[in-house]
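These notes concern the structure reproduced below.
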Amino acid sequence: MGNSTDRAAISEGIGVSVAALDALEREDAFLATGVGVGAGVDVLQRRYEIRLERLELTACLEAQLAAMKARYAAEAVGFQEAMTPADASVEDRTYAEMSAVEEIAGVLTISSGAAAAFVDQSRRICSLPPVFEALAGGAVSWQHAKVVADETEGLTSAGAAGLVAHFFDPDAPNPARGAAPGDLVPSRFRAKVRGWRERHHPESIEKRHVKGLADRRMEYTPDRDGMAWISLYLPGDTACAIWNRTTATARGLQGPNEPRTLTQLRPDIAASLLLGAGMTPSAEETAAGAGEDVLDPSAPGTQGSVTQAVTGIGKVPTPRADVLVTVPVFALLGLTDEPAVVDGFGPIPASMARKLVAGGAESFYRVLVDPRDGAPLEIGRKNYRLTRSIKHWIRLRDAQCTFPGCTNKTPDNETDHLTAWEHGGTTNVSNLAQLCRKHHRLKHHSQWTPGRATSKDPPGWTSPTGRHYNPDQQDSEPTHWPPGSLPPPLQWAVPGECRAGRPASRTSRSRNPTTKRQ
């Protein structure tokens, strides 16, 4: 579709959206007068629904305008390039583009850096027709389109096209399952896109992780009102374990006599651990209290003492917080380098997963997956307590609170019966779902209604006004097979229910060796 056709289609769509908003405005004005309204019409309910419909149409209109804005920015830079002489030097071309970016920054009243990022994102989105058409049609927001622009950076043209086809073309091989991109909040959509990118990136995650590991750091940023930010750039498994540990500790401290919220407790716990653990402060505090000089690491004769004191701190222990690690069995055996997945974080290198599983991380649970389609097979654990193993299975299937738009991934999300026990509901994975405390309470005190779940898919939801939200299904894919091996024929069914802590028994006469419990 040519640029002029694009603009005409977007303009037409904008006109349709504006006309629909005008129609709702007229209906609302009619209801507000109360004259001629039928006796069976709930005026307040309908005016409430009109507000929701207006919001929906406004979001669509914003996406359409964002598409038009992106097209204009891409074309402006394109015209600037066309005006640059063909024999211009690289330096002249660079300054011509910089000039156009600065013009755009002035027109939009944004910084040069923001304008440069916007132009880059706009050009990338316009170069991916399915994404641009979804944005122009109001099917996705500018935030969703930016996710694709960000995550396709560094990919080849074929790689970017493959990513876009997976999420935007229902006829593509192995298309994304569950909710459409525009039906997911941007952070959830980014997690799915990033997961696909990690599995299909031309450079292995092992190599990219080595580069990222060398860049780990701590940053300190003063803020207003006497506050400041401390941030850590760490390996994903370590960061995830720190978050889960502080959350679990905070939950344990909560009670009727604890006024602090969970959000307030987490930084207090982290500060307490950082300032009170590792280095023994007594020597320094005692010296300071007695009026003595505190050890200076640069002073002669003190370097050895300081080095000895900090040696234990610099060694990062194996994470011990309760985390599920989904690892393809061939990657676990070291036969492939396919990424594993840490619950609550996302893809990690296979070497990191092997370290977690084999390195004494007592509260990490190995999850073996079917090499044919990536579906989970079993969860490694030390005991056969049914409730605990089912809870782990639900965590693995749902990945986060299943309520529409919620991104709460903490391990203490609650496992709720979709159909209440007193109403005939059973305790199996098809009648259970993960909910954060906030949405667990909302479910029991409102008309938000969950749909049915399966052993592989979480439930969808229906709002009090009848809007249905599809479940956010995970993007499982067949695992990588070692070079020279051939996948076995399909001989047994994917497990249906989780009983006694394991999937339902398989019906094959000959077991696939990749499903063997280790």
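Residue numbering restarts at 1 for every chain of the structure tokens, chains are lettered A, B, ... in their displayed order, and ligands are numbered from 1 as they appear.
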Skip A:Asp22 itself and residues of its chain fewer than 5 positions away, then list as a list in words all residues within 12 Å of it, counting only C-alpha atoms.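 The residues satisfying every condition are Gly15, Val16, Ser17, Glu27, Asp28, Ala29, Ile50, Glu53, Arg54, Leu57 and Thr58 of chain A.
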Serialized selection, C-alpha atoms, as an mmCIF file, in the first residue's frame:
```cif
data_model
loop_
_atom_site.group_PDB
_atom_site.id
_atom_site.type_symbol
_atom_site.label_atom_id
_atom_site.label_comp_id
_atom_site.auth_asym_id
_atom_site.auth_seq_id
_atom_site.Cartn_x
_atom_site.Cartn_y
_atom_site.Cartn_z
ATOM 1 C CA GLY A 15 -13.405 10.217 10.213
ATOM 2 C CA VAL A 16 -15.235 7.022 11.178
ATOM 3 C CA SER A 17 -13.940 7.245 14.765
ATOM 4 C CA GLU A 27 -27.060 9.642 22.683
ATOM 5 C CA ASP A 28 -25.630 10.776 26.013
ATOM 6 C CA ALA A 29 -27.196 14.237 25.646
ATOM 7 C CA ILE A 50 -21.145 5.227 26.902
ATOM 8 C CA GLU A 53 -17.245 3.159 24.639
ATOM 9 C CA ARG A 54 -15.909 6.705 24.314
ATOM 10 C CA LEU A 57 -12.997 4.924 20.529
ATOM 11 C CA THR A 58 -10.599 7.577 21.811
#
```
Closest-contact table, stretch 97-181 of chain A side, partner stretch 435-457 of chain A, 12 Å, counting only C-alpha atoms, as a tab-separated table:
```
residue	atom	partner	partner_atom	distance
A:Arg177	CA	A:Asp457	CA	9.8
A:Gly178	CA	A:Asp457	CA	8.6
A:Ala179	CA	A:Asp457	CA	11.5
```
Atomic separation - atom CA of A:Gly154 relative to atom CA of A:Pro483, Å: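 If I compute the distance from atom CA of A:Pro483 to atom CA of A:Gly154, I get 26.6 Å.
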Need to verify the contact set: A:Asp6, 10 Å, only C-alpha atoms, exclusion of same-chain residues closer than 2 positions in sequence. Can you return it as a short mmCIF file (atom, residue, chain, number, x, y, z; two decimals) with C-alpha atoms, in the first residue's frame?
```
data_model
loop_
_atom_site.label_atom_id
_atom_site.label_comp_id
_atom_site.auth_asym_id
_atom_site.auth_seq_id
_atom_site.Cartn_x
_atom_site.Cartn_y
_atom_site.Cartn_z
CA MET A 1 0.00 0.00 0.00
CA GLY A 2 1.55 3.31 -1.10
CA ASN A 3 2.06 6.25 1.23
CA SER A 4 -0.76 8.30 -0.32
CA ALA A 8 -6.21 8.26 2.71
CA ALA A 9 -7.09 5.07 4.61
CA ILE A 10 -5.98 6.58 7.93
CA SER A 11 -7.94 9.77 7.28
CA GLU A 12 -11.02 7.72 6.50
CA ALA A 67 0.16 6.20 12.69
CA MET A 68 -0.34 9.44 10.77
CA ARG A 71 4.19 8.43 8.62
CA PHE A 132 1.74 -0.05 10.63
CA GLU A 133 -1.63 -1.29 9.37
CA ALA A 136 -3.50 2.77 11.56
#
```
Pick the closest to A:Ser430 from A:Asp42, A:Glu103, A:Glu414, A:Asp398: which is it, counting only C-alpha atoms? A:Asp398
Would you pick out the contacts of stretch 204-219 of chain A at 10 Å or less, using only C-alpha atoms, so that residues sharing its chain but fewer than 6 positions from it are not included, and give the list as an NGL selection string? :A and (197-198 or 229-236 or 337-339 or 347-352)
Could you write those residues out with N, CA, C and O atoms, as a PDB file, in the first residue's frame?
```
ATOM      1  N   ARG A 197      11.983 -13.231  20.540  1.00  0.00           N
ATOM      2  CA  ARG A 197      13.247 -12.694  20.024  1.00  0.00           C
ATOM      3  C   ARG A 197      14.434 -13.457  20.592  1.00  0.00           C
ATOM      4  O   ARG A 197      15.400 -13.756  19.872  1.00  0.00           O
ATOM      5  N   GLU A 198      14.403 -13.770  21.883  1.00  0.00           N
ATOM      6  CA  GLU A 198      15.516 -14.483  22.501  1.00  0.00           C
ATOM      7  C   GLU A 198      15.697 -15.869  21.888  1.00  0.00           C
ATOM      8  O   GLU A 198      16.813 -16.349  21.718  1.00  0.00           O
ATOM      9  N   TRP A 229      17.360   7.082  44.423  1.00  0.00           N
ATOM     10  CA  TRP A 229      17.142   5.777  43.801  1.00  0.00           C
ATOM     11  C   TRP A 229      18.448   4.987  43.790  1.00  0.00           C
ATOM     12  O   TRP A 229      19.509   5.528  43.513  1.00  0.00           O
ATOM     13  N   ILE A 230      18.362   3.697  44.101  1.00  0.00           N
ATOM     14  CA  ILE A 230      19.468   2.756  43.925  1.00  0.00           C
ATOM     15  C   ILE A 230      18.976   1.677  42.970  1.00  0.00           C
ATOM     16  O   ILE A 230      17.940   1.062  43.197  1.00  0.00           O
ATOM     17  N   SER A 231      19.697   1.467  41.877  1.00  0.00           N
ATOM     18  CA  SER A 231      19.297   0.426  40.932  1.00  0.00           C
ATOM     19  C   SER A 231      20.474  -0.495  40.658  1.00  0.00           C
ATOM     20  O   SER A 231      21.637  -0.070  40.678  1.00  0.00           O
ATOM     21  N   LEU A 232      20.177  -1.766  40.410  1.00  0.00           N
ATOM     22  CA  LEU A 232      21.190  -2.782  40.146  1.00  0.00           C
ATOM     23  C   LEU A 232      20.950  -3.388  38.773  1.00  0.00           C
ATOM     24  O   LEU A 232      19.812  -3.715  38.434  1.00  0.00           O
ATOM     25  N   TYR A 233      22.007  -3.535  38.004  1.00  0.00           N
ATOM     26  CA  TYR A 233      21.937  -4.219  36.717  1.00  0.00           C
ATOM     27  C   TYR A 233      22.649  -5.547  36.916  1.00  0.00           C
ATOM     28  O   TYR A 233      23.885  -5.601  37.008  1.00  0.00           O
ATOM     29  N   LEU A 234      21.878  -6.629  37.001  1.00  0.00           N
ATOM     30  CA  LEU A 234      22.380  -7.936  37.421  1.00  0.00           C
ATOM     31  C   LEU A 234      21.926  -9.032  36.476  1.00  0.00           C
ATOM     32  O   LEU A 234      20.985  -8.841  35.695  1.00  0.00           O
ATOM     33  N   PRO A 235      22.537 -10.219  36.554  1.00  0.00           N
ATOM     34  CA  PRO A 235      21.983 -11.370  35.833  1.00  0.00           C
ATOM     35  C   PRO A 235      20.533 -11.607  36.243  1.00  0.00           C
ATOM     36  O   PRO A 235      20.169 -11.401  37.415  1.00  0.00           O
ATOM     37  N   GLY A 236      19.718 -12.026  35.277  1.00  0.00           N
ATOM     38  CA  GLY A 236      18.281 -12.142  35.518  1.00  0.00           C
ATOM     39  C   GLY A 236      17.912 -13.051  36.668  1.00  0.00           C
ATOM     40  O   GLY A 236      16.994 -12.749  37.441  1.00  0.00           O
ATOM     41  N   ASP A 337      22.045 -25.296  23.306  1.00  0.00           N
ATOM     42  CA  ASP A 337      22.134 -24.049  24.075  1.00  0.00           C
ATOM     43  C   ASP A 337      20.833 -23.271  24.017  1.00  0.00           C
ATOM     44  O   ASP A 337      20.821 -22.042  24.124  1.00  0.00           O
ATOM     45  N   GLU A 338      19.714 -23.978  23.859  1.00  0.00           N
ATOM     46  CA  GLU A 338      18.413 -23.315  23.791  1.00  0.00           C
ATOM     47  C   GLU A 338      18.122 -22.612  25.111  1.00  0.00           C
ATOM     48  O   GLU A 338      18.384 -23.168  26.187  1.00  0.00           O
ATOM     49  N   PRO A 339      17.574 -21.392  25.081  1.00  0.00           N
ATOM     50  CA  PRO A 339      17.298 -20.669  26.327  1.00  0.00           C
ATOM     51  C   PRO A 339      16.303 -21.410  27.219  1.00  0.00           C
ATOM     52  O   PRO A 339      15.399 -22.091  26.735  1.00  0.00           O
ATOM     53  N   PRO A 347      13.428 -15.453  29.405  1.00  0.00           N
ATOM     54  CA  PRO A 347      14.492 -16.326  28.913  1.00  0.00           C
ATOM     55  C   PRO A 347      15.837 -16.046  29.587  1.00  0.00           C
ATOM     56  O   PRO A 347      16.196 -14.901  29.837  1.00  0.00           O
ATOM     57  N   ILE A 348      16.579 -17.127  29.868  1.00  0.00           N
ATOM     58  CA  ILE A 348      17.939 -17.031  30.394  1.00  0.00           C
ATOM     59  C   ILE A 348      18.807 -18.026  29.630  1.00  0.00           C
ATOM     60  O   ILE A 348      18.301 -18.972  29.023  1.00  0.00           O
ATOM     61  N   PRO A 349      20.125 -17.847  29.630  1.00  0.00           N
ATOM     62  CA  PRO A 349      20.993 -18.804  28.937  1.00  0.00           C
ATOM     63  C   PRO A 349      20.891 -20.197  29.545  1.00  0.00           C
ATOM     64  O   PRO A 349      20.662 -20.349  30.753  1.00  0.00           O
ATOM     65  N   ALA A 350      21.103 -21.209  28.711  1.00  0.00           N
ATOM     66  CA  ALA A 350      21.034 -22.589  29.197  1.00  0.00           C
ATOM     67  C   ALA A 350      22.088 -22.842  30.269  1.00  0.00           C
ATOM     68  O   ALA A 350      21.845 -23.586  31.227  1.00  0.00           O
ATOM     69  N   SER A 351      23.264 -22.226  30.127  1.00  0.00           N
ATOM     70  CA  SER A 351      24.319 -22.427  31.126  1.00  0.00           C
ATOM     71  C   SER A 351      23.878 -21.919  32.495  1.00  0.00           C
ATOM     72  O   SER A 351      24.186 -22.523  33.529  1.00  0.00           O
ATOM     73  N   MET A 352      23.144 -20.810  32.538  1.00  0.00           N
ATOM     74  CA  MET A 352      22.634 -20.278  33.802  1.00  0.00           C
ATOM     75  C   MET A 352      21.625 -21.243  34.401  1.00  0.00           C
ATOM     76  O   MET A 352      21.623 -21.487  35.608  1.00  0.00           O
TER      77      MET A 352
END
```
At what distance in Å, to one decimal, does atom CA of A:Arg123 lie from atom CA of A:Ala73?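 Atom-to-atom, atom CA of A:Ala73 to atom CA of A:Arg123, that is 7.8 Å.
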Nearest to A:Gly252 among A:Glu102, A:Asp120, A:Asp412, A:Asp171, with distances taken over only C-alpha atoms: which residue is it?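 Among the listed residues, A:Asp412 lies closest to A:Gly252.
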Which one is closest to A:Cys60: A:Leu135, A:Ala23, A:Leu128, A:Val35? Count only C-alpha atoms. A:Leu135
Restricting the calculation to only C-alpha atoms: of A:Asp237, A:Ile390, A:Leu184, A:Pro482, which residue gets closest to A:Ala331?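 Closest to A:Ala331, using only C-alpha atoms: A:Pro482.
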Which residues come within 8 Å of A:Glu81, counting only C-alpha atoms, excluding same-chain residues fewer than 3 positions away, as a compact mmCIF listing (two decimals) with N, CA and C atoms, in the first residue's frame?
```
# COMPACT_ATOMS: atom_id res chain seq x y z
N VAL A 77 11.95 12.90 6.97
CA VAL A 77 13.36 12.52 6.88
C VAL A 77 13.66 11.99 5.47
N GLY A 78 12.71 11.29 4.88
CA GLY A 78 12.90 10.79 3.52
C GLY A 78 13.07 11.91 2.51
N THR A 84 19.28 15.86 -0.44
CA THR A 84 20.73 15.82 -0.29
C THR A 84 21.37 15.36 -1.59
N ARG A 93 25.66 14.03 4.73
CA ARG A 93 24.39 13.29 4.87
C ARG A 93 23.99 13.18 6.34
N ALA A 96 22.67 16.50 7.47
CA ALA A 96 21.36 16.78 6.88
C ALA A 96 20.26 16.06 7.66
N GLU A 97 20.54 14.80 8.03
CA GLU A 97 19.55 14.04 8.81
C GLU A 97 19.41 14.64 10.21
```
For atom CA of A:Ile110 and atom CA of A:Lys69, quote the distance in Å rounded to one decimal.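 Value for the atom CA of A:Ile110-atom CA of A:Lys69 distance: 14.2 Å.
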For A:Ala59, work out the shell of residues within 10 Å, counting only C-alpha atoms and skipping chain neighbours fewer than 2 positions away, then give it as a ChimeraX atom specification. /A:17,53-57,61-65,138-142
Those in stretch 397-472 of chain A with helix (DSSP H, G or I) from DSSP, as a list in words: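 Here is the list: Arg397, Asp398, Trp421, Glu422, His423, Val429, Ser430, Asn431, Arg437, Lys438, His439, His440, Arg441, Leu442, Lys443 and His444 of chain A.
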I need the residues from that last selection saved to file as a short mmCIF file (atom, residue, chain, number, x, y, z; two decimals), in the first residue's frame (with all heavy atoms), if you can.
```cif
data_model
loop_
_atom_site.label_atom_id
_atom_site.label_comp_id
_atom_site.auth_asym_id
_atom_site.auth_seq_id
_atom_site.Cartn_x
_atom_site.Cartn_y
_atom_site.Cartn_z
N ARG A 397 1.90 -22.42 34.30
CA ARG A 397 0.96 -22.21 33.20
C ARG A 397 0.58 -20.74 33.06
O ARG A 397 0.54 -20.20 31.96
CB ARG A 397 -0.31 -23.04 33.45
CG ARG A 397 -1.35 -22.95 32.34
CD ARG A 397 -2.71 -23.42 32.82
NE ARG A 397 -3.28 -22.51 33.82
CZ ARG A 397 -4.38 -22.76 34.51
NH1 ARG A 397 -5.04 -23.89 34.33
NH2 ARG A 397 -4.83 -21.88 35.41
N ASP A 398 0.31 -20.06 34.17
CA ASP A 398 -0.23 -18.70 34.12
C ASP A 398 0.86 -17.63 34.04
O ASP A 398 0.63 -16.56 33.46
CB ASP A 398 -1.10 -18.43 35.35
CG ASP A 398 -2.33 -19.33 35.39
OD1 ASP A 398 -2.61 -20.00 34.38
OD2 ASP A 398 -3.00 -19.37 36.44
N TRP A 421 -15.69 -24.03 45.36
CA TRP A 421 -15.82 -25.39 45.88
C TRP A 421 -17.25 -25.69 46.30
O TRP A 421 -17.80 -26.76 46.01
CB TRP A 421 -14.87 -25.56 47.07
CG TRP A 421 -14.91 -26.92 47.71
CD1 TRP A 421 -15.66 -27.31 48.77
CD2 TRP A 421 -14.17 -28.06 47.29
NE1 TRP A 421 -15.44 -28.63 49.06
CE2 TRP A 421 -14.51 -29.12 48.16
CE3 TRP A 421 -13.24 -28.30 46.28
CZ2 TRP A 421 -13.96 -30.39 48.04
CZ3 TRP A 421 -12.69 -29.55 46.16
CH2 TRP A 421 -13.06 -30.59 47.03
N GLU A 422 -17.87 -24.70 46.94
CA GLU A 422 -19.25 -24.92 47.42
C GLU A 422 -20.25 -24.97 46.28
O GLU A 422 -21.39 -25.39 46.48
CB GLU A 422 -19.63 -23.83 48.43
CG GLU A 422 -19.57 -22.41 47.91
CD GLU A 422 -18.22 -21.76 48.15
OE1 GLU A 422 -17.21 -22.50 48.31
OE2 GLU A 422 -18.17 -20.51 48.18
N HIS A 423 -19.84 -24.54 45.08
CA HIS A 423 -20.71 -24.61 43.92
C HIS A 423 -20.36 -25.77 43.00
O HIS A 423 -20.74 -25.78 41.83
CB HIS A 423 -20.65 -23.29 43.13
CG HIS A 423 -21.15 -22.11 43.91
ND1 HIS A 423 -20.70 -20.83 43.69
CD2 HIS A 423 -22.06 -22.04 44.92
CE1 HIS A 423 -21.32 -20.00 44.54
NE2 HIS A 423 -22.15 -20.72 45.29
N VAL A 429 -6.27 -28.50 37.83
CA VAL A 429 -5.70 -27.33 37.13
C VAL A 429 -6.69 -26.65 36.19
O VAL A 429 -6.53 -25.48 35.90
CB VAL A 429 -4.43 -27.73 36.36
CG1 VAL A 429 -3.33 -28.11 37.31
CG2 VAL A 429 -4.71 -28.85 35.39
N SER A 430 -7.70 -27.36 35.72
CA SER A 430 -8.68 -26.74 34.82
C SER A 430 -9.68 -25.88 35.58
O SER A 430 -10.48 -25.18 34.96
CB SER A 430 -9.42 -27.80 34.00
OG SER A 430 -10.13 -28.67 34.86
N ASN A 431 -9.65 -25.93 36.91
CA ASN A 431 -10.56 -25.09 37.70
C ASN A 431 -9.79 -24.18 38.65
O ASN A 431 -10.34 -23.66 39.61
CB ASN A 431 -11.53 -25.97 38.52
CG ASN A 431 -12.63 -25.14 39.16
OD1 ASN A 431 -13.26 -24.30 38.52
ND2 ASN A 431 -12.86 -25.36 40.46
N ARG A 437 -3.63 -10.71 45.21
CA ARG A 437 -4.60 -10.51 46.29
C ARG A 437 -5.67 -9.47 45.91
O ARG A 437 -6.84 -9.64 46.22
CB ARG A 437 -3.87 -10.08 47.56
CG ARG A 437 -3.00 -11.18 48.14
CD ARG A 437 -2.48 -10.84 49.51
NE ARG A 437 -1.71 -11.94 50.06
CZ ARG A 437 -1.24 -11.98 51.31
NH1 ARG A 437 -1.47 -10.96 52.12
NH2 ARG A 437 -0.55 -13.01 51.74
N LYS A 438 -5.23 -8.41 45.25
CA LYS A 438 -6.17 -7.36 44.86
C LYS A 438 -7.26 -7.91 43.96
O LYS A 438 -8.47 -7.69 44.20
CB LYS A 438 -5.40 -6.24 44.16
CG LYS A 438 -6.27 -5.20 43.47
CD LYS A 438 -5.40 -4.23 42.68
CE LYS A 438 -6.25 -3.31 41.81
NZ LYS A 438 -5.41 -2.38 41.01
N HIS A 439 -6.89 -8.65 42.91
CA HIS A 439 -7.89 -9.14 41.96
C HIS A 439 -8.62 -10.38 42.47
O HIS A 439 -9.73 -10.66 42.02
CB HIS A 439 -7.23 -9.40 40.60
CG HIS A 439 -6.81 -8.14 39.92
ND1 HIS A 439 -5.53 -7.90 39.49
CD2 HIS A 439 -7.52 -7.00 39.63
CE1 HIS A 439 -5.46 -6.70 38.94
NE2 HIS A 439 -6.65 -6.12 39.02
N HIS A 440 -8.02 -11.08 43.42
CA HIS A 440 -8.74 -12.18 44.07
C HIS A 440 -9.94 -11.62 44.84
O HIS A 440 -11.06 -12.14 44.75
CB HIS A 440 -7.79 -12.93 45.02
CG HIS A 440 -8.33 -14.23 45.51
ND1 HIS A 440 -7.62 -15.10 46.29
CD2 HIS A 440 -9.54 -14.82 45.32
CE1 HIS A 440 -8.36 -16.16 46.57
NE2 HIS A 440 -9.54 -16.01 46.00
N ARG A 441 -9.70 -10.54 45.57
CA ARG A 441 -10.80 -9.92 46.31
C ARG A 441 -11.85 -9.34 45.35
O ARG A 441 -13.04 -9.45 45.59
CB ARG A 441 -10.26 -8.82 47.22
CG ARG A 441 -9.35 -9.31 48.34
CD ARG A 441 -9.06 -8.20 49.35
NE ARG A 441 -8.05 -8.60 50.32
CZ ARG A 441 -6.77 -8.28 50.24
NH1 ARG A 441 -6.34 -7.56 49.21
NH2 ARG A 441 -5.91 -8.67 51.15
N LEU A 442 -11.37 -8.70 44.27
CA LEU A 442 -12.30 -8.10 43.32
C LEU A 442 -13.21 -9.17 42.71
O LEU A 442 -14.41 -8.93 42.53
CB LEU A 442 -11.53 -7.37 42.22
CG LEU A 442 -12.38 -6.71 41.12
CD1 LEU A 442 -13.22 -5.58 41.73
CD2 LEU A 442 -11.49 -6.16 40.01
N LYS A 443 -12.65 -10.32 42.39
CA LYS A 443 -13.45 -11.40 41.80
C LYS A 443 -14.61 -11.79 42.70
O LYS A 443 -15.72 -12.07 42.23
CB LYS A 443 -12.56 -12.62 41.54
CG LYS A 443 -13.30 -13.90 41.14
CD LYS A 443 -12.33 -15.04 40.92
CE LYS A 443 -13.06 -16.34 40.64
NZ LYS A 443 -13.65 -16.92 41.87
N HIS A 444 -14.37 -11.80 44.00
CA HIS A 444 -15.41 -12.24 44.94
C HIS A 444 -16.35 -11.11 45.37
O HIS A 444 -17.32 -11.37 46.08
CB HIS A 444 -14.76 -12.87 46.18
CG HIS A 444 -14.08 -14.18 45.90
ND1 HIS A 444 -14.78 -15.33 45.59
CD2 HIS A 444 -12.77 -14.51 45.85
CE1 HIS A 444 -13.93 -16.31 45.38
NE2 HIS A 444 -12.71 -15.85 45.53
#
```
For A:Val43, please output as a list in words all residues within 9 Å (counting only C-alpha atoms; exclusion window: fewer than 5 positions along the same chain).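 The residues satisfying every condition are Leu31, Ala32, Gly34, Val37 and Tyr48 of chain A.
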Can I get the selection written as a PDB file, in the first residue's frame, with all heavy atoms?
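Result file is again.pdb:
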```pdb
ATOM      1  N   LEU A  31     -30.019  11.037  26.751  1.00  0.00           N
ATOM      2  CA  LEU A  31     -30.276  10.367  28.023  1.00  0.00           C
ATOM      3  C   LEU A  31     -30.242  11.367  29.178  1.00  0.00           C
ATOM      4  O   LEU A  31     -30.972  11.220  30.172  1.00  0.00           O
ATOM      5  CB  LEU A  31     -29.240   9.270  28.263  1.00  0.00           C
ATOM      6  CG  LEU A  31     -29.307   8.059  27.323  1.00  0.00           C
ATOM      7  CD1 LEU A  31     -28.112   7.157  27.541  1.00  0.00           C
ATOM      8  CD2 LEU A  31     -30.605   7.277  27.551  1.00  0.00           C
ATOM      9  N   ALA A  32     -29.370  12.383  29.064  1.00  0.00           N
ATOM     10  CA  ALA A  32     -29.240  13.355  30.146  1.00  0.00           C
ATOM     11  C   ALA A  32     -30.515  14.167  30.343  1.00  0.00           C
ATOM     12  O   ALA A  32     -30.837  14.572  31.464  1.00  0.00           O
ATOM     13  CB  ALA A  32     -28.062  14.285  29.878  1.00  0.00           C
ATOM     14  N   GLY A  34     -33.577  13.086  29.935  1.00  0.00           N
ATOM     15  CA  GLY A  34     -34.607  12.237  30.540  1.00  0.00           C
ATOM     16  C   GLY A  34     -35.932  12.277  29.817  1.00  0.00           C
ATOM     17  O   GLY A  34     -36.883  11.611  30.239  1.00  0.00           O
ATOM     18  N   VAL A  37     -37.123   8.875  27.233  1.00  0.00           N
ATOM     19  CA  VAL A  37     -36.348   7.663  27.505  1.00  0.00           C
ATOM     20  C   VAL A  37     -37.297   6.546  27.944  1.00  0.00           C
ATOM     21  O   VAL A  37     -38.164   6.762  28.803  1.00  0.00           O
ATOM     22  CB  VAL A  37     -35.284   7.919  28.598  1.00  0.00           C
ATOM     23  CG1 VAL A  37     -34.511   6.640  28.889  1.00  0.00           C
ATOM     24  CG2 VAL A  37     -34.350   9.040  28.170  1.00  0.00           C
ATOM     25  N   TYR A  48     -22.892   5.161  31.852  1.00  0.00           N
ATOM     26  CA  TYR A  48     -21.604   4.578  32.260  1.00  0.00           C
ATOM     27  C   TYR A  48     -20.984   3.803  31.093  1.00  0.00           C
ATOM     28  O   TYR A  48     -19.791   3.949  30.789  1.00  0.00           O
ATOM     29  CB  TYR A  48     -21.834   3.662  33.461  1.00  0.00           C
ATOM     30  CG  TYR A  48     -20.689   2.725  33.796  1.00  0.00           C
ATOM     31  CD1 TYR A  48     -19.471   3.221  34.258  1.00  0.00           C
ATOM     32  CD2 TYR A  48     -20.828   1.350  33.671  1.00  0.00           C
ATOM     33  CE1 TYR A  48     -18.434   2.371  34.581  1.00  0.00           C
ATOM     34  CE2 TYR A  48     -19.796   0.489  33.980  1.00  0.00           C
ATOM     35  CZ  TYR A  48     -18.603   1.004  34.434  1.00  0.00           C
ATOM     36  OH  TYR A  48     -17.569   0.155  34.748  1.00  0.00           O
TER      37      TYR A  48
END
```
